[in-house]
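Student: Contents are mmCIF, C-alpha atoms; file name start.cif:
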data_coords
#
loop_
_atom_site.label_atom_id
_atom_site.label_comp_id
_atom_site.auth_asym_id
_atom_site.auth_seq_id
_atom_site.Cartn_x
_atom_site.Cartn_y
_atom_site.Cartn_z
CA MET A 1 0.00 0.00 0.00
CA GLU A 2 1.25 3.48 -0.89
CA ALA A 3 1.36 5.94 2.00
CA VAL A 4 0.11 8.87 -0.09
CA GLU A 5 -1.64 8.81 -3.45
CA VAL A 6 -2.68 12.02 -5.20
CA GLU A 7 -4.59 11.81 -8.46
CA GLU A 8 -5.16 14.98 -10.48
CA ILE A 9 -5.97 17.16 -7.49
CA THR A 10 -7.16 20.66 -8.37
CA ARG A 11 -7.96 23.38 -5.86
CA VAL A 12 -9.51 26.67 -6.95
CA PHE A 13 -10.17 29.60 -4.61
CA GLU A 14 -13.09 31.62 -5.88
CA PRO A 15 -13.14 35.38 -5.19
CA ARG A 16 -15.32 36.57 -2.34
CA ARG A 17 -16.15 39.72 -4.26
CA ARG A 18 -16.98 40.28 -7.90
CA SER A 19 -13.84 42.35 -8.28
CA GLY A 20 -11.67 39.60 -6.82
CA THR A 21 -9.37 37.23 -8.68
CA ARG A 22 -9.97 33.52 -9.09
CA VAL A 23 -6.88 31.64 -7.87
CA VAL A 24 -5.91 28.17 -9.08
CA ALA A 25 -3.72 26.97 -6.20
CA LEU A 26 -3.31 23.42 -7.54
CA GLU A 27 -3.91 22.20 -11.07
CA GLU A 28 -4.22 18.45 -11.72
CA VAL A 29 -1.43 17.52 -9.31
CA SER A 30 -0.51 13.83 -9.13
CA LEU A 31 2.14 12.15 -7.01
CA THR A 32 2.77 8.96 -5.08
CA VAL A 33 4.72 8.54 -1.85
CA PRO A 34 5.69 4.96 -0.94
CA THR A 35 5.49 3.82 2.66
CA GLY A 36 8.65 4.64 4.60
CA GLU A 37 9.87 7.40 2.26
CA ILE A 38 10.87 10.97 3.08
CA HIS A 39 9.38 12.85 0.15
CA GLY A 40 10.13 16.51 -0.42
CA LEU A 41 7.62 18.96 -1.86
CA LEU A 42 9.94 21.66 -3.12
CA GLY A 43 8.89 25.05 -4.42
CA PRO A 44 8.89 28.80 -3.80
CA ASN A 45 6.33 30.60 -1.66
CA GLY A 46 2.93 30.45 -3.33
CA ALA A 47 3.72 27.29 -5.31
CA GLY A 48 0.83 25.33 -3.75
CA LYS A 49 2.75 23.25 -1.21
CA THR A 50 0.72 24.23 1.85
CA THR A 51 -2.56 23.87 -0.04
CA LEU A 52 -1.67 20.27 -0.92
CA VAL A 53 -0.63 19.50 2.67
CA LYS A 54 -3.93 20.90 3.95
CA ILE A 55 -5.90 18.71 1.54
CA LEU A 56 -3.97 15.58 2.52
CA SER A 57 -4.44 16.35 6.21
CA THR A 58 -8.24 16.77 5.73
CA VAL A 59 -8.13 20.48 6.58
CA LEU A 60 -9.15 21.62 3.09
CA LEU A 61 -11.38 20.06 0.45
CA PRO A 62 -10.11 19.69 -3.12
CA THR A 63 -12.11 21.21 -5.95
CA SER A 64 -11.62 18.00 -7.94
CA GLY A 65 -9.44 14.91 -7.98
CA LYS A 66 -8.72 12.19 -5.44
CA ALA A 67 -6.24 11.76 -2.61
CA ARG A 68 -5.67 8.81 -0.28
CA VAL A 69 -3.56 8.30 2.83
CA LEU A 70 -2.73 4.66 3.58
CA GLY A 71 -5.60 3.65 1.31
CA HIS A 72 -8.23 5.94 2.86
CA ASP A 73 -9.86 8.72 0.84
CA VAL A 74 -9.19 12.09 2.50
CA VAL A 75 -12.70 13.35 1.67
CA ASP A 76 -14.91 10.29 2.08
CA GLU A 77 -12.99 8.67 4.96
CA THR A 78 -11.87 11.68 6.98
CA GLU A 79 -12.38 9.96 10.34
CA ALA A 80 -10.18 7.05 9.26
CA VAL A 81 -7.40 9.34 7.97
CA ARG A 82 -6.97 11.66 10.95
CA PRO A 83 -5.68 9.08 13.49
CA LEU A 84 -3.06 7.98 10.94
CA ILE A 85 -1.41 11.37 10.40
CA GLY A 86 0.57 14.03 12.19
CA ILE A 87 0.80 17.64 11.04
CA VAL A 88 3.56 20.17 11.67
CA PHE A 89 2.93 23.60 10.15
CA GLY A 90 5.74 26.14 10.12
CA GLY A 91 5.61 29.46 11.94
CA GLU A 92 3.67 29.99 15.12
CA ARG A 93 0.24 28.60 14.24
CA GLY A 94 -1.37 25.85 16.30
CA LEU A 95 0.15 26.57 19.71
CA TYR A 96 -1.55 28.10 22.74
CA TRP A 97 0.77 30.80 24.02
CA ARG A 98 -0.70 31.11 27.52
CA LEU A 99 -0.15 27.40 28.15
CA THR A 100 3.17 25.73 28.88
CA GLY A 101 4.77 23.40 26.38
CA ARG A 102 3.73 20.40 28.47
CA GLN A 103 0.13 21.64 28.74
CA ASN A 104 -0.02 22.13 24.97
CA LEU A 105 1.01 18.53 24.39
CA GLU A 106 -1.35 17.12 27.00
CA TYR A 107 -4.21 19.10 25.47
CA TRP A 108 -3.48 17.61 22.05
CA GLY A 109 -3.23 14.20 23.65
CA ALA A 110 -6.79 14.66 24.92
CA LEU A 111 -7.92 15.56 21.39
CA TYR A 112 -6.38 12.28 20.22
CA LYS A 113 -8.49 10.62 22.95
CA LEU A 114 -5.52 9.49 25.04
CA SER A 115 -6.17 8.89 28.72
CA SER A 116 -4.89 11.53 31.13
CA ARG A 117 -2.08 9.21 32.22
CA GLY A 118 -1.31 8.24 28.63
CA ALA A 119 -1.19 11.89 27.51
CA LYS A 120 1.18 12.84 30.33
CA ALA A 121 3.51 9.92 29.57
CA ARG A 122 3.46 10.61 25.83
CA ALA A 123 4.13 14.33 26.39
CA GLN A 124 7.11 13.59 28.63
CA GLN A 125 8.52 11.14 26.12
CA LEU A 126 8.27 13.64 23.28
CA LEU A 127 9.64 16.54 25.31
CA GLU A 128 12.71 14.42 25.98
CA ARG A 129 12.96 13.48 22.32
CA VAL A 130 12.95 17.07 21.05
CA GLY A 131 15.22 18.30 23.85
CA MET A 132 12.75 20.53 25.67
CA VAL A 133 12.41 18.99 29.13
CA ASP A 134 14.08 21.98 30.78
CA LYS A 135 11.59 24.38 29.14
CA ALA A 136 8.52 22.15 29.36
CA ASP A 137 6.83 24.09 32.15
CA GLU A 138 7.41 27.57 30.75
CA ARG A 139 4.71 29.37 28.80
CA VAL A 140 4.97 29.12 25.03
CA GLU A 141 4.90 32.92 24.75
CA GLU A 142 8.40 32.88 26.29
CA TYR A 143 9.80 30.44 23.71
CA SER A 144 12.10 31.34 20.85
CA ARG A 145 10.92 30.53 17.31
CA GLY A 146 13.20 27.51 17.22
CA MET A 147 11.74 26.18 20.47
CA LYS A 148 8.23 26.66 19.12
CA GLN A 149 9.15 24.63 16.05
CA ARG A 150 10.46 21.78 18.19
CA LEU A 151 7.23 21.87 20.20
CA HIS A 152 5.32 21.80 16.90
CA LEU A 153 7.06 18.55 15.99
CA ALA A 154 6.28 17.03 19.38
CA ARG A 155 2.65 18.08 18.94
CA GLY A 156 2.56 16.44 15.51
CA LEU A 157 3.75 13.18 17.08
CA MET A 158 1.27 13.09 19.97
CA GLY A 159 -1.07 10.83 18.03
CA ASP A 160 1.78 8.54 16.94
CA GLY A 161 0.81 9.05 13.28
CA LYS A 162 2.24 6.78 10.60
CA VAL A 163 2.29 9.56 7.98
CA LEU A 164 3.70 12.98 8.93
CA PHE A 165 3.15 16.20 7.00
CA LEU A 166 5.84 18.78 7.75
CA ASP A 167 5.31 22.26 6.29
CA GLU A 168 8.51 24.36 6.50
CA PRO A 169 9.42 22.71 9.83
CA THR A 170 12.82 24.42 10.33
CA THR A 171 11.51 27.99 9.92
CA GLY A 172 13.18 30.20 12.52
CA MET A 173 15.63 27.57 13.75
CA ASP A 174 19.33 28.32 14.11
CA PRO A 175 21.65 26.06 12.05
CA LEU A 176 22.45 23.72 14.95
CA ALA A 177 18.80 23.25 15.90
CA ALA A 178 17.88 22.71 12.23
CA ARG A 179 20.56 20.03 11.91
CA GLU A 180 19.27 18.23 15.01
CA PHE A 181 15.73 18.49 13.65
CA ARG A 182 16.77 16.91 10.33
CA SER A 183 18.49 14.11 12.21
CA LEU A 184 15.24 13.49 14.10
CA ILE A 185 13.34 13.30 10.80
CA GLY A 186 15.70 10.51 9.75
CA GLU A 187 15.01 8.67 12.99
CA LEU A 188 11.27 8.92 12.40
CA ARG A 189 11.71 7.37 8.95
CA ASP A 190 13.77 4.57 10.48
CA GLU A 191 10.78 3.83 12.73
CA GLY A 192 8.72 3.11 9.63
CA ARG A 193 6.95 6.45 9.31
CA THR A 194 6.36 8.19 6.00
CA ILE A 195 7.15 11.89 5.81
CA LEU A 196 6.02 14.52 3.31
CA LEU A 197 8.25 17.56 3.78
CA ALA A 198 7.14 20.83 2.18
CA THR A 199 10.04 23.26 1.87
CA HIS A 200 11.53 26.01 -0.29
CA ASP A 201 15.04 25.10 0.90
CA MET A 202 16.95 23.02 -1.67
CA VAL A 203 19.72 22.24 0.82
CA GLU A 204 17.19 20.87 3.31
CA ALA A 205 15.59 18.72 0.60
CA GLU A 206 18.97 17.36 -0.49
CA MET A 207 19.96 16.46 3.07
CA VAL A 208 16.90 14.49 4.18
CA CYS A 209 14.69 13.48 1.24
CA ASP A 210 14.68 10.23 -0.73
CA ARG A 211 12.80 11.87 -3.59
CA VAL A 212 11.65 15.40 -4.34
CA THR A 213 8.65 16.72 -6.26
CA LEU A 214 9.32 20.12 -7.75
CA ILE A 215 6.15 22.25 -7.81
CA ASP A 216 5.46 25.72 -9.15
CA ARG A 217 2.25 27.72 -9.63
CA GLY A 218 0.20 24.73 -8.61
CA LYS A 219 1.70 22.31 -11.13
CA VAL A 220 4.15 19.46 -10.71
CA ILE A 221 7.31 20.09 -12.76
CA ALA A 222 9.20 16.89 -11.99
CA THR A 223 9.73 14.18 -9.37
CA GLU A 224 13.35 13.10 -9.03
CA SER A 225 16.01 12.27 -6.50
CA PRO A 226 17.47 15.36 -4.77
CA ARG A 227 20.79 14.69 -6.46
CA THR A 228 19.25 14.83 -9.93
CA LEU A 229 17.39 18.06 -9.18
CA GLY A 230 20.51 19.47 -7.57
CA GLN A 231 22.44 18.91 -10.77
CA VAL A 232 19.77 20.82 -12.68
CA LEU A 233 19.79 23.77 -10.28
CA SER A 234 23.54 23.89 -9.60
CA ARG A 235 24.33 25.21 -13.05
CA PHE A 236 22.85 28.55 -11.98
CA GLN A 237 25.46 30.81 -10.37
CA ARG A 238 25.93 34.51 -9.84
CA ILE A 239 29.15 36.44 -9.58
CA ASP A 240 29.41 39.89 -7.97
CA VAL A 241 32.50 41.74 -9.14
CA GLU A 242 34.14 45.16 -8.80
CA GLY A 243 36.99 46.87 -10.60
CA VAL A 244 36.48 45.43 -14.09
CA PRO A 245 36.75 47.60 -17.24
CA PRO A 246 33.55 47.96 -19.29
CA ALA A 247 35.23 46.37 -22.31
CA VAL A 248 35.86 43.17 -20.33
CA LEU A 249 32.26 43.10 -19.15
CA ASP A 250 31.10 43.39 -22.77
CA GLU A 251 33.35 40.45 -23.62
CA ILE A 252 31.90 38.39 -20.76
CA ARG A 253 28.37 39.33 -21.78
CA ALA A 254 28.97 37.58 -25.09
CA MET A 255 30.36 34.39 -23.53
CA ARG A 256 28.38 31.18 -23.78
CA GLY A 257 26.37 30.39 -20.67
CA VAL A 258 26.29 34.00 -19.44
CA MET A 259 22.68 34.93 -18.86
CA SER A 260 23.05 38.57 -17.84
CA VAL A 261 25.54 41.25 -16.84
CA THR A 262 23.96 44.07 -14.87
CA ALA A 263 25.08 46.97 -12.70
CA VAL A 264 24.40 46.64 -8.97
CA ASP A 265 23.12 49.55 -6.89
CA GLY A 266 26.04 51.41 -5.35
CA ALA A 267 29.01 49.82 -7.09
CA GLY A 268 29.98 46.71 -8.94
CA THR A 269 28.39 44.34 -11.42
CA ARG A 270 26.42 41.12 -11.15
CA ILE A 271 27.05 38.36 -13.68
CA GLU A 272 24.57 35.48 -13.86
CA VAL A 273 25.32 32.19 -15.60
CA ASP A 274 23.01 29.28 -16.41
CA GLU A 275 25.31 26.67 -17.91
CA GLU A 276 27.65 24.20 -16.24
CA GLY A 277 31.29 25.22 -16.62
CA ALA A 278 30.56 28.84 -17.49
CA THR A 279 31.36 30.10 -13.98
CA GLN A 280 34.97 28.91 -14.15
CA LEU A 281 35.56 30.56 -17.52
CA VAL A 282 34.07 33.84 -16.31
CA LEU A 283 36.16 33.80 -13.13
CA GLU A 284 39.35 33.17 -15.09
CA ARG A 285 38.63 36.16 -17.33
CA LEU A 286 37.86 38.40 -14.35
CA VAL A 287 41.10 37.47 -12.60
CA ASP A 288 43.07 38.10 -15.80
CA ALA A 289 41.41 41.52 -16.05
CA GLY A 290 42.56 42.45 -12.53
CA ALA A 291 39.18 42.52 -10.76
CA THR A 292 39.51 44.06 -7.29
CA SER A 293 36.66 42.04 -5.74
CA VAL A 294 34.99 38.79 -6.82
CA ARG A 295 32.29 36.88 -4.93
CA THR A 296 30.24 33.90 -6.11
CA SER A 297 26.92 32.71 -4.71
CA LEU A 298 23.91 30.58 -5.58
CA PRO A 299 20.67 32.38 -6.38
CA SER A 300 17.62 31.61 -4.31
CA LEU A 301 15.28 28.89 -5.47
CA GLU A 302 12.72 31.50 -6.47
CA GLU A 303 15.31 33.29 -8.63
CA VAL A 304 16.20 30.01 -10.30
CA TYR A 305 12.52 29.42 -10.94
CA VAL A 306 12.32 32.71 -12.80
CA GLN A 307 14.97 31.36 -15.16
CA LEU A 308 13.71 27.78 -15.34
CA ILE A 309 10.07 28.65 -15.77
CA GLY A 310 9.50 32.38 -16.18
CA GLU A 311 8.42 33.23 -19.69
CA ARG A 312 9.65 29.96 -21.17
CA GLY A 313 6.84 27.73 -19.97
CA MET A 314 6.81 24.85 -17.52
CA GLU A 315 9.96 23.09 -18.60
CA ILE A 316 13.31 22.20 -17.05
#
Show the structure stored in the file as structure tokens.

Tutor:
Amino acid sequence: MEAVEVEEITRVFEPRRRSGTRVVALEEVSLTVPTGEIHGLLGPNGAGKTTLVKILSTVLLPTSGKARVLGHDVVDETEAVRPLIGIVFGGERGLYWRLTGRQNLEYWGALYKLSSRGAKARAQQLLERVGMVDKADERVEEYSRGMKQRLHLARGLMGDGKVLFLDEPTTGMDPLAAREFRSLIGELRDEGRTILLATHDMVEAEMVCDRVTLIDRGKVIATESPRTLGQVLSRFQRIDVEGVPPAVLDEIRAMRGVMSVTAVDGAGTRIEVDEEGATQLVLERLVDAGATSVRTSLPSLEEVYVQLIGERGMEI
């Protein structure tokens, strides 16, 4: 049995006013997540990731299409789906700030119909697992964003769900906490759980996911291993440079694989390349020209999307 099956799901948000705009959040999205897999849902803000997670977790109805979790239809068998899943939304939604971390977990345990004793024991176990025992009896309003995210994960595990939906789970975490969180995700997979991770962070997807579905503007672009998608995206580079004569910049502008050469506010020039190997050739020419400052970086995923998709259609 597949853990998650999505068949041509479409979700349309109709305008509340006549002057409003009809929004197609998902358009005939299909994907399959085998049991025991960490599957990434990768895309920029507004791509439709959260909408799909909400549909799979029975929070939102699809406009059309079918979706099943462990064989149960998310619309027709809602009551069968909910005990099987855990949900972790990013940010600060879903926590009661005036309650302590422990009280939050025990409250959710009651919603999962655990006994009082069972909820207390489960809460203690999860607080230990996410490293929050020393802060368990402080109010959530006193927590840092990273601590709230760890509490979110513990809350998502209170029902001991077999399929976990994580929506931007490392938002607000410092690098060390994010690394520990990713390690915990691996442990959960080793316990036999299936995880659907929605993220806009390519590095996060590469580190923890078995496969990744690339989504943009409500459509699936591709489903591949993180390594394969990484090879596609890694050819995009940008180079910020200062102290280069205009004639050299004109020469670089004409080089193969150079996408643009533009002036940067203040001083300097930004060179963007979109072909493997072009960065090295550009850097060699800049050094030969006596550039006073050279810095390379990767564009954000959204910037890469502009180049991959933009005006050229939905193709990689």

Student: Between A:Arg182, A:Arg102, A:Arg235, A:Arg295, which has the minimum distance to Ala278 of chain A (counting only C-alpha atoms)?

Tutor: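 The closest residue to Ala278 of chain A is A:Arg235.
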
Student: If the PyMOL selection byres ((chain A and resi 246) around 12) is run on the structure shown, which residues does it catch, given as an MDAnalysis selection string?

Tutor: chainID A and resid 241:245 247:253 261:263 268:269 286 289 291

Student: Save out the residues we just selected, C-alpha atoms, as an mmCIF file, in the coordinates of the input.

Tutor:
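Just written: again.cif:
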data_model
loop_
_atom_site.group_PDB
_atom_site.id
_atom_site.type_symbol
_atom_site.label_atom_id
_atom_site.label_comp_id
_atom_site.auth_asym_id
_atom_site.auth_seq_id
_atom_site.Cartn_x
_atom_site.Cartn_y
_atom_site.Cartn_z
ATOM 1 C CA VAL A 241 32.500 41.740 -9.140
ATOM 2 C CA GLU A 242 34.140 45.160 -8.800
ATOM 3 C CA GLY A 243 36.990 46.870 -10.600
ATOM 4 C CA VAL A 244 36.480 45.430 -14.090
ATOM 5 C CA PRO A 245 36.750 47.600 -17.240
ATOM 6 C CA ALA A 247 35.230 46.370 -22.310
ATOM 7 C CA VAL A 248 35.860 43.170 -20.330
ATOM 8 C CA LEU A 249 32.260 43.100 -19.150
ATOM 9 C CA ASP A 250 31.100 43.390 -22.770
ATOM 10 C CA GLU A 251 33.350 40.450 -23.620
ATOM 11 C CA ILE A 252 31.900 38.390 -20.760
ATOM 12 C CA ARG A 253 28.370 39.330 -21.780
ATOM 13 C CA VAL A 261 25.540 41.250 -16.840
ATOM 14 C CA THR A 262 23.960 44.070 -14.870
ATOM 15 C CA ALA A 263 25.080 46.970 -12.700
ATOM 16 C CA GLY A 268 29.980 46.710 -8.940
ATOM 17 C CA THR A 269 28.390 44.340 -11.420
ATOM 18 C CA LEU A 286 37.860 38.400 -14.350
ATOM 19 C CA ALA A 289 41.410 41.520 -16.050
ATOM 20 C CA ALA A 291 39.180 42.520 -10.760
#

Student: With only C-alpha atoms as the basis for distance, which of A:Gly146, A:Gly290, A:Gly118, A:Gly186 is at the shortest distance from Thr170 of chain A?

Tutor: A:Gly146

Student: Expressed in Å to a single decimal, how great is the separation between atom CA of Arg238 of chain A and atom CA of Met207 of chain A?

Tutor: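 That distance, rounded to one decimal, is 23.0 Å.
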
Student: Please enumerate the residues selected by the PyMOL selection byres ((chain A and resi 131) around 12) when evaluated against the supplied file, formatted as a list of chain:residue names.

Tutor: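 Applied to this file, the PyMOL selection byres ((chain A and resi 131) around 12) selects A:Gly101, A:Gln124, A:Gln125, A:Leu126, A:Leu127, A:Glu128, A:Arg129, A:Val130, A:Met132, A:Val133, A:Asp134, A:Lys135, A:Ala136, A:Gly146, A:Met147, A:Lys148, A:Gln149, A:Arg150, A:Leu151, A:Leu153, A:Ala154, A:Ala177, A:Glu180, A:Phe181, A:Leu184.
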
Student: I need the chosen residues saved as a PDB file, in the frame of the given file, with C-alpha atoms.

Tutor:
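The resulting file, again_35.pdb, is reproduced below:
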ATOM      1  CA  GLY A 101       4.770  23.400  26.380  1.00  0.00           C
ATOM      2  CA  GLN A 124       7.110  13.590  28.630  1.00  0.00           C
ATOM      3  CA  GLN A 125       8.520  11.140  26.120  1.00  0.00           C
ATOM      4  CA  LEU A 126       8.270  13.640  23.280  1.00  0.00           C
ATOM      5  CA  LEU A 127       9.640  16.540  25.310  1.00  0.00           C
ATOM      6  CA  GLU A 128      12.710  14.420  25.980  1.00  0.00           C
ATOM      7  CA  ARG A 129      12.960  13.480  22.320  1.00  0.00           C
ATOM      8  CA  VAL A 130      12.950  17.070  21.050  1.00  0.00           C
ATOM      9  CA  MET A 132      12.750  20.530  25.670  1.00  0.00           C
ATOM     10  CA  VAL A 133      12.410  18.990  29.130  1.00  0.00           C
ATOM     11  CA  ASP A 134      14.080  21.980  30.780  1.00  0.00           C
ATOM     12  CA  LYS A 135      11.590  24.380  29.140  1.00  0.00           C
ATOM     13  CA  ALA A 136       8.520  22.150  29.360  1.00  0.00           C
ATOM     14  CA  GLY A 146      13.200  27.510  17.220  1.00  0.00           C
ATOM     15  CA  MET A 147      11.740  26.180  20.470  1.00  0.00           C
ATOM     16  CA  LYS A 148       8.230  26.660  19.120  1.00  0.00           C
ATOM     17  CA  GLN A 149       9.150  24.630  16.050  1.00  0.00           C
ATOM     18  CA  ARG A 150      10.460  21.780  18.190  1.00  0.00           C
ATOM     19  CA  LEU A 151       7.230  21.870  20.200  1.00  0.00           C
ATOM     20  CA  LEU A 153       7.060  18.550  15.990  1.00  0.00           C
ATOM     21  CA  ALA A 154       6.280  17.030  19.380  1.00  0.00           C
ATOM     22  CA  ALA A 177      18.800  23.250  15.900  1.00  0.00           C
ATOM     23  CA  GLU A 180      19.270  18.230  15.010  1.00  0.00           C
ATOM     24  CA  PHE A 181      15.730  18.490  13.650  1.00  0.00           C
ATOM     25  CA  LEU A 184      15.240  13.490  14.100  1.00  0.00           C
TER      26      LEU A 184
END

Student: Which centre and edge lengths in Å to one decimal define the box along x, y and z that fits every listed atom of segment 273-288 of chain A plus 3 Å per side, as lines of an AutoDock Vina configuration file?

Tutor:
center_x = 33.0
center_y = 31.3
center_z = -15.3
size_x = 26.1
size_y = 20.2
size_z = 11.3

Student: Counting all atoms listed in the file, which residue out of A:Asp137, A:Pro44, A:Val88, A:Gly218 sits closest to Val12 of chain A?

Tutor: A:Gly218

Student: Could you check which of A:Ala47, A:Arg68, A:Thr194, A:Arg17 is closest to Ala80 of chain A, using only C-alpha atoms?

Tutor: A:Arg68

Student: Measuring between only C-alpha atoms, which one of A:Val208, A:Met158, A:Leu99, A:Val294 shows the shortest distance to Leu114 of chain A?

Tutor: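 Once distances to Leu114 of chain A are computed over only C-alpha atoms, the minimum belongs to A:Met158.
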
Student: For the provided coordinates, the residues matched by the PyMOL selection byres ((chain A and resi 82-86) around 6) should be stated as JSON, numbers by chain.

Tutor: {"A": [79, 80, 81, 87, 156, 157, 161, 162, 163, 164]}

Student: I want to know what sits within 12 Å of Phe165 of chain A, based on all atoms listed in the file, with residues of the same chain fewer than 5 positions away left out; could you give that as JSON, numbers by chain?

Tutor: {"A": [3, 4, 33, 38, 39, 40, 41, 49, 50, 51, 52, 53, 54, 55, 56, 57, 58, 69, 82, 84, 85, 86, 87, 88, 89, 90, 152, 153, 156, 157, 185, 193, 194, 195, 196, 197, 198, 199]}

Student: In Å, with one decimal, what is the gap from atom CA of Arg179 of chain A to atom CA of Arg145 of chain A?

Tutor: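 Atom-to-atom, atom CA of Arg179 of chain A to atom CA of Arg145 of chain A, that is 15.2 Å.
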
Student: Have a look at A:Ile239, A:Met255, A:Leu105, A:Val29 and name the one nearest to Thr223 of chain A; count only C-alpha atoms.

Tutor: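 Of A:Ile239, A:Met255, A:Leu105, A:Val29, the one nearest Thr223 of chain A is A:Val29, counting only C-alpha atoms.
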
Student: Using atom CA of Thr78 of chain A and atom CA of Ala110 of chain A as the two end points, give the distance in Å to one decimal.

Tutor: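 Spanning atom CA of Thr78 of chain A to atom CA of Ala110 of chain A is a straight-line distance of 18.9 Å.
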